[in-house]
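input-v4.cif (mmCIF, C-alpha atoms and all ligand atoms)
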```
data_run
#
loop_
_atom_site.group_PDB
_atom_site.id
_atom_site.type_symbol
_atom_site.label_atom_id
_atom_site.label_comp_id
_atom_site.auth_asym_id
_atom_site.auth_seq_id
_atom_site.Cartn_x
_atom_site.Cartn_y
_atom_site.Cartn_z
ATOM 1 C CA MET A 164 157.519 77.622 25.810
ATOM 2 C CA SER A 165 158.789 74.317 24.522
ATOM 3 C CA ALA A 166 159.461 71.709 27.133
ATOM 4 C CA PRO A 167 163.170 71.242 27.836
ATOM 5 C CA SER A 168 164.671 67.827 27.207
ATOM 6 C CA ALA A 169 165.043 65.765 30.344
ATOM 7 C CA GLY A 170 167.948 64.100 32.041
ATOM 8 C CA ARG A 171 171.696 64.331 31.835
ATOM 9 C CA TRP A 172 171.738 66.047 28.466
ATOM 10 C CA SER A 173 169.447 68.951 29.401
ATOM 11 C CA HIS A 174 172.344 71.348 28.697
ATOM 12 C CA LEU A 175 176.015 71.257 27.785
ATOM 13 C CA LEU A 176 177.624 73.904 29.978
ATOM 14 C CA SER A 177 180.900 72.352 31.123
ATOM 15 C CA ILE A 178 182.964 69.385 29.975
ATOM 16 C CA ARG A 179 183.313 68.516 33.653
ATOM 17 C CA ASP A 180 179.616 67.610 33.746
ATOM 18 C CA LEU A 181 180.422 64.656 31.465
ATOM 19 C CA ASP A 182 182.025 61.403 32.500
ATOM 20 C CA ARG A 183 183.922 59.064 30.215
ATOM 21 C CA ASP A 184 180.750 57.213 29.142
ATOM 22 C CA ASP A 185 179.025 60.492 28.244
ATOM 23 C CA ILE A 186 181.994 61.550 26.132
ATOM 24 C CA GLU A 187 182.089 58.144 24.435
ATOM 25 C CA GLN A 188 178.377 58.557 23.666
ATOM 26 C CA VAL A 189 179.014 61.892 21.932
ATOM 27 C CA LEU A 190 181.936 60.482 19.944
ATOM 28 C CA GLU A 191 179.951 57.421 18.867
ATOM 29 C CA LEU A 192 177.041 59.561 17.738
ATOM 30 C CA THR A 193 179.475 61.866 15.951
ATOM 31 C CA ASP A 194 180.646 58.906 13.859
ATOM 32 C CA SER A 195 177.087 58.454 12.607
ATOM 33 C CA PHE A 196 176.639 62.142 11.818
ATOM 34 C CA ALA A 197 180.036 62.294 10.080
ATOM 35 C CA GLU A 198 178.670 59.605 7.765
ATOM 36 C CA VAL A 199 175.654 61.828 7.031
ATOM 37 C CA ALA A 200 178.065 64.548 5.878
ATOM 38 C CA GLN A 201 179.346 62.197 3.144
ATOM 39 C CA ARG A 202 175.903 61.778 1.600
ATOM 40 C CA ALA A 203 174.797 63.573 -1.578
ATOM 41 C CA ILE A 204 172.210 65.389 0.523
ATOM 42 C CA PRO A 205 173.847 65.736 3.964
ATOM 43 C CA LYS A 206 170.633 66.237 5.883
ATOM 44 C CA VAL A 207 168.459 64.149 8.220
ATOM 45 C CA PRO A 208 165.076 65.007 9.770
ATOM 46 C CA ALA A 209 166.196 64.239 13.331
ATOM 47 C CA LEU A 210 165.364 67.706 14.744
ATOM 48 C CA ARG A 211 162.563 68.698 12.380
ATOM 49 C CA GLY A 212 160.166 71.037 14.195
ATOM 50 C CA ARG A 213 162.798 72.110 16.730
ATOM 51 C CA THR A 214 164.185 75.652 16.859
ATOM 52 C CA VAL A 215 167.740 76.596 17.778
ATOM 53 C CA ALA A 216 168.798 80.204 18.414
ATOM 54 C CA TRP A 217 172.348 81.581 18.421
ATOM 55 C CA LEU A 218 173.158 84.069 21.140
ATOM 56 C CA PHE A 219 176.680 85.142 20.221
ATOM 57 C CA PHE A 220 177.837 88.183 22.167
ATOM 58 C CA GLU A 221 181.434 87.651 21.082
ATOM 59 C CA ASP A 222 182.973 87.121 17.641
ATOM 60 C CA SER A 223 183.262 83.665 16.141
ATOM 61 C CA THR A 224 183.842 82.060 12.765
ATOM 62 C CA ARG A 225 184.252 78.315 13.367
ATOM 63 C CA THR A 226 181.896 77.733 16.293
ATOM 64 C CA ARG A 227 179.028 79.805 15.025
ATOM 65 C CA LEU A 228 179.078 78.539 11.442
ATOM 66 C CA SER A 229 179.544 74.922 12.442
ATOM 67 C CA PHE A 230 176.646 75.067 14.916
ATOM 68 C CA GLU A 231 174.547 76.615 12.191
ATOM 69 C CA ALA A 232 175.557 73.926 9.694
ATOM 70 C CA ALA A 233 174.893 71.267 12.341
ATOM 71 C CA ALA A 234 171.378 72.531 13.082
ATOM 72 C CA ARG A 235 170.479 72.774 9.402
ATOM 73 C CA ARG A 236 171.772 69.269 8.687
ATOM 74 C CA LEU A 237 169.480 68.046 11.451
ATOM 75 C CA SER A 238 166.559 69.950 9.836
ATOM 76 C CA ALA A 239 166.112 72.267 12.834
ATOM 77 C CA ASP A 240 164.830 75.803 12.327
ATOM 78 C CA THR A 241 167.293 78.500 13.333
ATOM 79 C CA LEU A 242 166.981 81.994 14.780
ATOM 80 C CA ASN A 243 169.907 84.267 14.188
ATOM 81 C CA PHE A 244 170.776 86.853 16.838
ATOM 82 C CA SER A 245 173.399 89.499 16.172
ATOM 83 C CA ALA A 246 174.582 91.290 19.299
ATOM 84 C CA SER A 247 175.793 94.317 17.349
ATOM 85 C CA SER A 248 172.381 94.979 15.760
ATOM 86 C CA SER A 249 170.233 93.917 18.720
ATOM 87 C CA SER A 250 168.504 95.932 21.431
ATOM 88 C CA LEU A 251 171.550 95.448 23.650
ATOM 89 C CA SER A 252 172.640 98.777 22.150
ATOM 90 C CA LYS A 253 169.522 100.321 23.759
ATOM 91 C CA GLY A 254 170.514 99.013 27.162
ATOM 92 C CA GLU A 255 168.629 95.710 27.230
ATOM 93 C CA SER A 256 170.218 93.306 29.706
ATOM 94 C CA LEU A 257 171.476 89.808 29.005
ATOM 95 C CA ARG A 258 168.661 88.373 31.113
ATOM 96 C CA ASP A 259 165.960 90.322 29.266
ATOM 97 C CA THR A 260 167.519 89.346 25.941
ATOM 98 C CA VAL A 261 167.490 85.663 26.909
ATOM 99 C CA GLU A 262 163.897 85.827 28.160
ATOM 100 C CA THR A 263 162.794 87.653 25.010
ATOM 101 C CA VAL A 264 164.348 85.118 22.642
ATOM 102 C CA SER A 265 163.064 82.235 24.783
ATOM 103 C CA ALA A 266 159.533 83.644 24.620
ATOM 104 C CA MET A 267 159.581 83.069 20.867
ATOM 105 C CA GLY A 268 159.491 79.328 21.454
ATOM 106 C CA VAL A 269 163.063 78.161 21.041
ATOM 107 C CA ASP A 270 164.164 74.692 22.073
ATOM 108 C CA ALA A 271 167.885 75.387 22.374
ATOM 109 C CA LEU A 272 170.131 78.408 22.878
ATOM 110 C CA VAL A 273 173.749 78.242 21.766
ATOM 111 C CA VAL A 274 175.555 80.896 23.784
ATOM 112 C CA ARG A 275 178.899 82.631 23.452
ATOM 113 C CA HIS A 276 179.756 85.447 25.815
ATOM 114 C CA ARG A 277 182.901 87.172 27.041
ATOM 115 C CA ALA A 278 181.950 86.623 30.698
ATOM 116 C CA ALA A 279 182.973 83.425 32.453
ATOM 117 C CA GLY A 280 179.855 81.684 33.743
ATOM 118 C CA ALA A 281 177.506 83.377 31.253
ATOM 119 C CA ALA A 282 176.153 80.083 29.899
ATOM 120 C CA HIS A 283 175.249 78.934 33.416
ATOM 121 C CA ARG A 284 173.441 82.222 34.007
ATOM 122 C CA VAL A 285 171.522 81.865 30.754
ATOM 123 C CA ALA A 286 170.470 78.317 31.687
ATOM 124 C CA ALA A 287 168.864 79.698 34.852
ATOM 125 C CA TRP A 288 166.741 82.143 32.842
ATOM 126 C CA THR A 289 165.280 79.845 30.180
ATOM 127 C CA ASP A 290 163.473 76.545 29.792
ATOM 128 C CA ALA A 291 165.405 75.889 26.568
ATOM 129 C CA ALA A 292 168.452 73.638 26.439
ATOM 130 C CA VAL A 293 171.633 75.725 26.640
ATOM 131 C CA VAL A 294 174.900 74.864 24.922
ATOM 132 C CA ASN A 295 178.013 76.730 25.977
ATOM 133 C CA ALA A 296 179.837 77.879 22.836
ATOM 134 C CA GLY A 297 182.544 79.612 24.881
ATOM 135 C CA ASP A 298 182.200 81.770 27.991
ATOM 136 C CA GLY A 299 185.108 84.080 28.645
ATOM 137 C CA ARG A 300 188.133 82.225 29.919
ATOM 138 C CA HIS A 301 185.925 79.559 31.524
ATOM 139 C CA GLU A 302 184.994 76.724 29.116
ATOM 140 C CA HIS A 303 184.501 75.699 25.495
ATOM 141 C CA PRO A 304 183.151 72.146 25.809
ATOM 142 C CA THR A 305 182.300 71.459 22.160
ATOM 143 C CA GLN A 306 185.844 72.465 21.169
ATOM 144 C CA ALA A 307 187.156 69.822 23.578
ATOM 145 C CA LEU A 308 184.831 67.192 22.128
ATOM 146 C CA LEU A 309 185.819 67.908 18.530
ATOM 147 C CA ASP A 310 189.482 67.825 19.540
ATOM 148 C CA LEU A 311 189.042 64.387 21.094
ATOM 149 C CA TYR A 312 187.156 63.146 18.047
ATOM 150 C CA THR A 313 189.847 64.426 15.667
ATOM 151 C CA ALA A 314 192.740 63.008 17.687
ATOM 152 C CA ARG A 315 191.032 59.643 17.978
ATOM 153 C CA ALA A 316 190.295 59.550 14.248
ATOM 154 C CA HIS A 317 194.053 59.839 13.595
ATOM 155 C CA LEU A 318 195.626 58.003 16.533
ATOM 156 C CA GLY A 319 192.949 55.573 17.753
ATOM 157 C CA ASP A 320 192.497 55.005 21.484
ATOM 158 C CA LEU A 321 193.769 57.987 23.495
ATOM 159 C CA GLU A 322 194.513 55.979 26.660
ATOM 160 C CA GLY A 323 198.137 56.688 27.614
ATOM 161 C CA ARG A 324 198.669 59.245 24.855
ATOM 162 C CA ARG A 325 200.728 62.305 25.776
ATOM 163 C CA VAL A 326 199.218 65.694 25.009
ATOM 164 C CA THR A 327 201.401 68.804 25.199
ATOM 165 C CA VAL A 328 199.370 72.013 25.447
ATOM 166 C CA VAL A 329 201.491 75.080 24.684
ATOM 167 C CA GLY A 330 200.857 78.770 25.168
ATOM 168 C CA ASP A 331 198.386 81.110 26.809
ATOM 169 C CA ILE A 332 196.705 78.660 29.172
ATOM 170 C CA ARG A 333 195.798 81.307 31.717
ATOM 171 C CA HIS A 334 193.282 83.020 29.429
ATOM 172 C CA SER A 335 192.155 79.894 27.564
ATOM 173 C CA ARG A 336 188.682 78.382 27.805
ATOM 174 C CA VAL A 337 189.893 75.768 25.309
ATOM 175 C CA ALA A 338 192.519 74.588 27.803
ATOM 176 C CA ARG A 339 190.047 74.642 30.714
ATOM 177 C CA SER A 340 187.743 72.257 28.851
ATOM 178 C CA GLY A 341 190.440 70.352 26.968
ATOM 179 C CA VAL A 342 192.547 69.296 29.935
ATOM 180 C CA TRP A 343 189.601 67.537 31.578
ATOM 181 C CA ALA A 344 188.469 65.968 28.306
ATOM 182 C CA TRP A 345 191.894 64.492 27.489
ATOM 183 C CA HIS A 346 192.171 63.312 31.085
ATOM 184 C CA ALA A 347 188.720 61.659 30.970
ATOM 185 C CA LEU A 348 189.843 59.498 28.034
ATOM 186 C CA GLY A 349 193.076 58.453 29.746
ATOM 187 C CA ALA A 350 195.584 60.767 28.061
ATOM 188 C CA SER A 351 198.263 62.536 30.100
ATOM 189 C CA VAL A 352 198.587 66.297 29.675
ATOM 190 C CA THR A 353 201.651 68.515 30.002
ATOM 191 C CA LEU A 354 201.152 72.275 29.994
ATOM 192 C CA VAL A 355 204.014 74.315 28.537
ATOM 193 C CA ALA A 356 203.984 78.031 29.303
ATOM 194 C CA PRO A 357 205.809 80.765 31.167
ATOM 195 C CA ALA A 358 204.542 81.320 34.714
ATOM 196 C CA THR A 359 202.739 84.473 33.563
ATOM 197 C CA LEU A 360 200.548 82.419 31.228
ATOM 198 C CA LEU A 361 199.551 79.747 33.759
ATOM 199 C CA PRO A 362 196.295 79.941 35.754
ATOM 200 C CA ALA A 363 196.529 80.487 39.493
ATOM 201 C CA ASP A 364 194.747 77.191 40.232
ATOM 202 C CA VAL A 365 196.848 75.011 37.926
ATOM 203 C CA GLY A 366 197.862 72.911 40.935
ATOM 204 C CA ASP A 367 194.306 71.530 40.987
ATOM 205 C CA TRP A 368 194.441 70.410 37.342
ATOM 206 C CA PRO A 369 195.399 66.831 36.351
ATOM 207 C CA VAL A 370 198.542 67.950 34.499
ATOM 208 C CA GLU A 371 202.317 68.245 34.525
ATOM 209 C CA VAL A 372 203.699 71.761 34.049
ATOM 210 C CA THR A 373 206.931 72.970 32.462
ATOM 211 C CA ALA A 374 208.247 76.064 30.721
ATOM 212 C CA ASP A 375 210.603 74.018 28.503
ATOM 213 C CA LEU A 376 208.918 73.194 25.204
ATOM 214 C CA ASP A 377 212.051 71.619 23.729
ATOM 215 C CA ALA A 378 212.198 69.053 26.539
ATOM 216 C CA THR A 379 208.675 67.787 25.778
ATOM 217 C CA LEU A 380 208.718 67.375 21.999
ATOM 218 C CA ALA A 381 210.190 63.867 21.696
ATOM 219 C CA ASP A 382 207.563 62.478 24.113
ATOM 220 C CA THR A 383 204.545 64.150 22.537
ATOM 221 C CA ASP A 384 201.726 62.420 20.642
ATOM 222 C CA ILE A 385 199.615 65.553 20.275
ATOM 223 C CA CYS A 386 201.131 69.033 20.282
ATOM 224 C CA TYR A 387 198.235 71.405 20.972
ATOM 225 C CA LEU A 388 199.031 75.073 20.428
ATOM 226 C CA LEU A 389 197.041 77.971 21.836
ATOM 227 C CA ARG A 390 196.686 81.504 20.552
ATOM 228 C CA MET A 391 197.858 84.464 22.632
ATOM 229 C CA GLN A 392 194.437 85.750 23.708
ATOM 230 C CA ARG A 393 195.224 89.412 23.835
ATOM 231 C CA GLU A 394 191.528 90.321 24.051
ATOM 232 C CA ARG A 395 191.486 88.713 27.514
ATOM 233 C CA GLN A 396 194.905 89.856 28.729
ATOM 234 C CA SER A 397 194.850 92.869 31.028
ATOM 235 C CA ASP A 398 198.588 93.044 31.701
ATOM 236 C CA VAL A 399 201.914 92.357 29.993
ATOM 237 C CA VAL A 400 202.407 88.575 30.045
ATOM 238 C CA VAL A 401 205.507 88.193 27.844
ATOM 239 C CA PRO A 402 208.233 90.741 27.055
ATOM 240 C CA SER A 403 207.467 90.578 23.306
ATOM 241 C CA LEU A 404 205.833 88.325 20.734
ATOM 242 C CA ARG A 405 209.285 87.780 19.221
ATOM 243 C CA GLU A 406 210.521 86.373 22.522
ATOM 244 C CA TYR A 407 207.356 84.310 22.911
ATOM 245 C CA ARG A 408 207.890 82.807 19.453
ATOM 246 C CA ARG A 409 211.537 82.001 20.233
ATOM 247 C CA GLU A 410 210.704 80.154 23.471
ATOM 248 C CA TRP A 411 207.252 78.696 22.832
ATOM 249 C CA GLY A 412 206.502 78.949 19.119
ATOM 250 C CA LEU A 413 206.404 75.749 17.052
ATOM 251 C CA ASP A 414 208.736 76.385 14.137
ATOM 252 C CA THR A 415 209.830 73.902 11.479
ATOM 253 C CA GLN A 416 212.895 72.773 13.443
ATOM 254 C CA ARG A 417 210.855 72.015 16.545
ATOM 255 C CA ALA A 418 208.143 70.280 14.536
ATOM 256 C CA ARG A 419 210.811 67.908 13.113
ATOM 257 C CA ARG A 420 211.624 66.769 16.647
ATOM 258 C CA LEU A 421 208.112 65.450 17.230
ATOM 259 C CA PRO A 422 207.644 61.689 16.715
ATOM 260 C CA ASP A 423 206.595 60.765 13.152
ATOM 261 C CA HIS A 424 203.041 59.912 14.194
ATOM 262 C CA ALA A 425 202.505 63.051 16.321
ATOM 263 C CA LEU A 426 199.679 65.448 15.490
ATOM 264 C CA ILE A 427 199.777 69.233 15.627
ATOM 265 C CA MET A 428 196.457 70.773 16.681
ATOM 266 C CA HIS A 429 195.124 74.281 17.279
ATOM 267 C CA PRO A 430 191.563 75.451 18.009
ATOM 268 C CA GLY A 431 191.858 78.432 15.659
ATOM 269 C CA PRO A 432 192.023 81.199 14.826
ATOM 270 C CA ILE A 433 195.780 80.813 14.359
ATOM 271 C CA ASN A 434 198.382 83.548 14.444
ATOM 272 C CA ARG A 435 200.942 82.393 11.893
ATOM 273 C CA GLY A 436 204.432 83.384 12.950
ATOM 274 C CA VAL A 437 203.563 83.576 16.654
ATOM 275 C CA GLU A 438 202.440 80.261 18.198
ATOM 276 C CA LEU A 439 203.258 78.326 15.021
ATOM 277 C CA ASP A 440 205.071 79.115 11.797
ATOM 278 C CA GLY A 441 203.107 79.301 8.567
ATOM 279 C CA ALA A 442 204.996 76.279 7.167
ATOM 280 C CA VAL A 443 204.072 74.234 10.265
ATOM 281 C CA ALA A 444 200.406 75.184 9.931
ATOM 282 C CA ASP A 445 200.442 73.606 6.467
ATOM 283 C CA LEU A 446 202.188 70.313 7.347
ATOM 284 C CA PRO A 447 200.204 67.079 6.691
ATOM 285 C CA ARG A 448 200.405 66.229 10.407
ATOM 286 C CA THR A 449 198.756 69.543 11.278
ATOM 287 C CA VAL A 450 195.069 68.637 11.498
ATOM 288 C CA ILE A 451 193.477 72.032 12.087
ATOM 289 C CA THR A 452 191.234 71.669 9.031
ATOM 290 C CA ASP A 453 190.082 68.250 10.237
ATOM 291 C CA GLN A 454 189.194 69.828 13.585
ATOM 292 C CA VAL A 455 186.984 72.332 11.772
ATOM 293 C CA THR A 456 185.362 69.639 9.619
ATOM 294 C CA ASN A 457 184.685 67.396 12.601
ATOM 295 C CA GLY A 458 183.233 70.321 14.528
ATOM 296 C CA VAL A 459 180.062 70.126 12.465
ATOM 297 C CA ALA A 460 179.384 66.441 13.199
ATOM 298 C CA VAL A 461 180.305 66.842 16.880
ATOM 299 C CA ARG A 462 177.875 69.756 17.190
ATOM 300 C CA MET A 463 175.185 67.737 15.418
ATOM 301 C CA ALA A 464 175.678 65.090 18.106
ATOM 302 C CA VAL A 465 175.512 67.657 20.913
ATOM 303 C CA LEU A 466 172.377 69.342 19.565
ATOM 304 C CA TYR A 467 170.751 65.971 19.042
ATOM 305 C CA LEU A 468 171.558 64.904 22.590
ATOM 306 C CA VAL A 469 170.323 68.076 24.276
ATOM 307 C CA LEU A 470 167.183 68.170 22.129
ATOM 308 C CA GLY A 471 166.685 64.447 21.750
ATOM 309 C CA ALA A 472 165.756 61.653 24.056
ATOM 310 C CA GLY A 473 168.385 62.294 26.725
ATOM 311 C CA PRO A 474 170.075 59.317 28.370
ATOM 312 C CA ARG A 475 168.030 56.718 26.508
ATOM 313 C CA LEU A 476 169.371 58.073 23.235
ATOM 314 C CA VAL A 477 171.547 55.218 22.060
ATOM 315 C CA ASP A 478 169.579 54.447 18.916
ATOM 316 C CA THR A 479 171.859 56.189 16.447
ATOM 317 C CA GLU A 480 170.119 54.450 13.540
ATOM 318 C CA SER A 481 166.977 56.480 14.010
ATOM 319 C CA ALA A 482 169.044 59.674 14.303
ATOM 320 C CA VAL A 483 170.611 59.295 10.873
ATOM 321 C CA ALA A 484 167.725 57.639 9.028
HETATM 322 N N1 LIG A 501 187.881 77.722 18.032
HETATM 323 C C1 LIG A 501 186.950 78.703 18.049
HETATM 324 O O1 LIG A 501 186.174 78.821 18.991
HETATM 325 O O2 LIG A 501 186.942 79.501 16.950
HETATM 326 P P1 LIG A 501 185.916 80.717 16.722
HETATM 327 O O3 LIG A 501 186.249 81.775 17.731
HETATM 328 O O4 LIG A 501 186.183 81.165 15.308
HETATM 329 O O5 LIG A 501 184.539 80.182 16.917
#
```
For this file, write the structure as structure tokens.
Amino acid sequence: MSAPSAGRWSHLLSIRDLDRDDIEQVLELTDSFAEVAQRAIPKVPALRGRTVAWLFFEDSTRTRLSFEAAARRLSADTLNFSASSSSLSKGESLRDTVETVSAMGVDALVVRHRAAGAAHRVAAWTDAAVVNAGDGRHEHPTQALLDLYTARAHLGDLEGRRVTVVGDIRHSRVARSGVWAWHALGASVTLVAPATLLPADVGDWPVEVTADLDATLADTDICYLLRMQRERQSDVVVPSLREYRREWGLDTQRARRLPDHALIMHPGPINRGVELDGAVADLPRTVITDQVTNGVAVRMAVLYLVLGAGPRLVDTESAVA
């Protein structure tokens, strides 16, 4: 078994394990890897000889492909695991699956699972570094990091910026990571949702809460929309999608009431005509494509940190040489 990397960056399981300096370190390293992406051959040997395996037990387009692109651009070897064609169908447990893949000599496991806490469980069963690529409604830390990077690329320093997060917060791992990430960089967060789409413990979050989207628009720097996560909803949370759209959807009229500089963000996949209108999704201020692009460089930074030299890794020059 390969030795795990030491120190603070052994895993990335929760955004709440990172302080402001840690987040700044990721964003700074991301700048260097974003520059690599502009090269004729967007590849560096930083993780040559290392092996990264994907353990995706839940569907994904953006996260999985961008982690794969990130690993390849760092020259890591990759092992592709497909839950649907694996021995899970023969009754193999998650733990046995993790131990089996780990026994092949992997250095990092990138894990997505429908169960909250799955990434933490996996980390207890392997010596490899574990990166949480989304665990149920719990956390999605790399999404939060790429959101910060994208917002900062457009707006500069996020200190004092006002982020309005709209929609299905109760079932959202993106919100559970994002709120703490925005807060760590000094932004203030307002959650906009009906009571049925708010988490029970929202009183413990560093946020304001309202159900009135229209009242927030003029004071918003970043309008962050969430998808209705019907795959994680076990009961009726809004009377109808038509009513949801009328009260909490970002249509063209509402988008016009945002300040000129304000960004519209969404983690994807989007449901056009529900949380945002198709025309709004295609506005220049809607930076969803930038979020996807930046996801590759952010995930390069995360893989490099968990597989690299840990806390002493500040020498970005050697990473991109
Ligand atoms: N934002 C996000 O996690 O997208 P995927 O489900 O496509 O990975």
Residues in the PyMOL selection byres (((chain A and resi 436) around 10) and not hetatm), expressed as a VMD selection string | chain A and resid 404 to 405 408 412 to 414 433 to 435 437 to 444
Between CA of Asp180 in chain A and CA of Val285 in chain A, distance in Å (one decimal) | 16.7 Å
Please write as a PyMOL selection string the full residue list that the PyMOL selection byres (((chain A and resi 195) around 10) and not hetatm) yields on this file.
-> chain A and resi 190-194+196-200+460-461+463-464+479-480+482-483
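Residues with any atom within 12 Å of Pro447 in chain A, counting all atoms listed in the file and excluding same-chain neighbours fewer than 5 positions away, are A:His317, A:Ala418, A:Asp423, A:His424, A:Ala425, A:Leu426, A:Ile427, A:Met428, A:Ala442, A:Thr452, A:Asp453.
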Taking only residues of chain A that have an atom at most 8 Å from an atom of ligand LIG 501 (chain A), what is each one's shortest atom pair and its distance in Å to one decimal, using only C-alpha atoms and all ligand atoms, in chain and number order, as CSV?
```
residue,atom,partner,partner_atom,distance
A:Asp222,CA,A:LIG501,O3,6.3
A:Ser223,CA,A:LIG501,O5,3.8
A:Thr224,CA,A:LIG501,O4,3.6
A:Arg225,CA,A:LIG501,O4,4.0
A:Thr226,CA,A:LIG501,O5,3.7
A:Arg227,CA,A:LIG501,O5,5.8
A:Leu228,CA,A:LIG501,O5,7.9
A:Ala296,CA,A:LIG501,O1,7.5
A:Gly297,CA,A:LIG501,O1,7.0
A:His303,CA,A:LIG501,O1,7.4
A:Gln306,CA,A:LIG501,N1,6.5
A:Val337,CA,A:LIG501,N1,7.8
A:Pro430,CA,A:LIG501,N1,4.3
A:Gly431,CA,A:LIG501,N1,4.7
A:Pro432,CA,A:LIG501,O2,5.8
```
Written file, previous selection with C-alpha atoms, as a CSV table (one decimal), keeping the file's coordinate frame:
```
chain,number,residue,atom,x,y,z
A,222,ASP,CA,183.0,87.1,17.6
A,223,SER,CA,183.3,83.7,16.1
A,224,THR,CA,183.8,82.1,12.8
A,225,ARG,CA,184.3,78.3,13.4
A,226,THR,CA,181.9,77.7,16.3
A,227,ARG,CA,179.0,79.8,15.0
A,228,LEU,CA,179.1,78.5,11.4
A,296,ALA,CA,179.8,77.9,22.8
A,297,GLY,CA,182.5,79.6,24.9
A,303,HIS,CA,184.5,75.7,25.5
A,306,GLN,CA,185.8,72.5,21.2
A,337,VAL,CA,189.9,75.8,25.3
A,430,PRO,CA,191.6,75.5,18.0
A,431,GLY,CA,191.9,78.4,15.7
A,432,PRO,CA,192.0,81.2,14.8
```
Could you check which of A:Ile332, A:Val455, A:Ala209, A:Val273 is closest to Leu388 in chain A, using all atoms listed in the file?
-> A:Ile332
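Using all atoms listed in the file for every distance, the candidate list A:Asn243, A:Thr305, A:Thr383, A:Ser250 yields A:Thr305 as the residue closest to Gln454 in chain A.
The smallest atom-to-atom distance between Thr241 in chain A and any of A:Thr456, A:Gln201, A:Ser351, A:Thr214, using only C-alpha atoms, is found for A:Thr214.
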Expanded to explicit residues, what is the PyMOL selection byres (((chain A and resi 178) around 9) and not hetatm) for this file, as a list in words?
-> Leu175, Leu176, Ser177, Arg179, Asp180, Leu181, Asp182, Ile186, Glu302, His303, Pro304, Thr305, Ala307, Leu308, Arg339, Ser340, Gly341, Trp343 and Ala344 of chain A
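Computed from the coordinates, the CA of Arg171 in chain A to CA of Ala232 in chain A distance equals 24.4 Å.
Residue neighbourhood of Glu221 in chain A, excluding near-sequence residues (fewer than 4 positions): Arg275, His276 and Arg277 of chain A, at 7 Å, using only C-alpha atoms.
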Using all atoms of range 197-215 of chain A that appear in the file, construct an axis-aligned enclosing box with 6 Å of padding on every side and provide its centre coordinates and edge lengths in Å, rounded to one decimal, as AutoDock Vina command-line options.
```
--center_x 170.1 --center_y 68.1 --center_z 8.1 --size_x 31.9 --size_y 29.0 --size_z 31.4
```
With distances taken over all atoms listed in the file, which of A:Glu371, A:Glu322, A:Glu262, A:Asp310 is nearest to Ala287 in chain A?
->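 Checking each of A:Glu371, A:Glu322, A:Glu262, A:Asp310 against Ala287 in chain A, counting all atoms listed in the file, the winner is A:Glu262.
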Please provide the set of residues having any atom within 9 Å of Ser335 in chain A, restricted to all atoms listed in the file, with same-chain residues fewer than 6 positions apart removed, written as a VMD selection string.
-> chain A and resid 299 to 303 389 to 392 395
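Distances to Asn295 in chain A were evaluated for A:Val264, A:His174, A:Val328, A:Pro208 using only C-alpha atoms, and the minimum falls at A:His174.
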Taken to one decimal, the CA of Phe220 in chain A-CA of Glu255 in chain A distance is 12.9 Å
Just the residues within 12 Å of Leu421 in chain A, please, counting only C-alpha atoms, with nothing from its chain fewer than 6 positions along; format it as a ChimeraX atom specification.
-> /A:325-327,376-386,413-415,427,443,448-449
Rank nothing, just name the residue among A:Ser403, A:Thr260, A:Ser229, A:Thr359 nearest to Ala246 in chain A, using all atoms listed in the file.
-> A:Thr260
Please identify all polymer residues lying at most 6 Å from the point (170.6, 80.2, 21.1) (file coordinates), using only C-alpha atoms, and present the result as a count of residues only.
-> 8
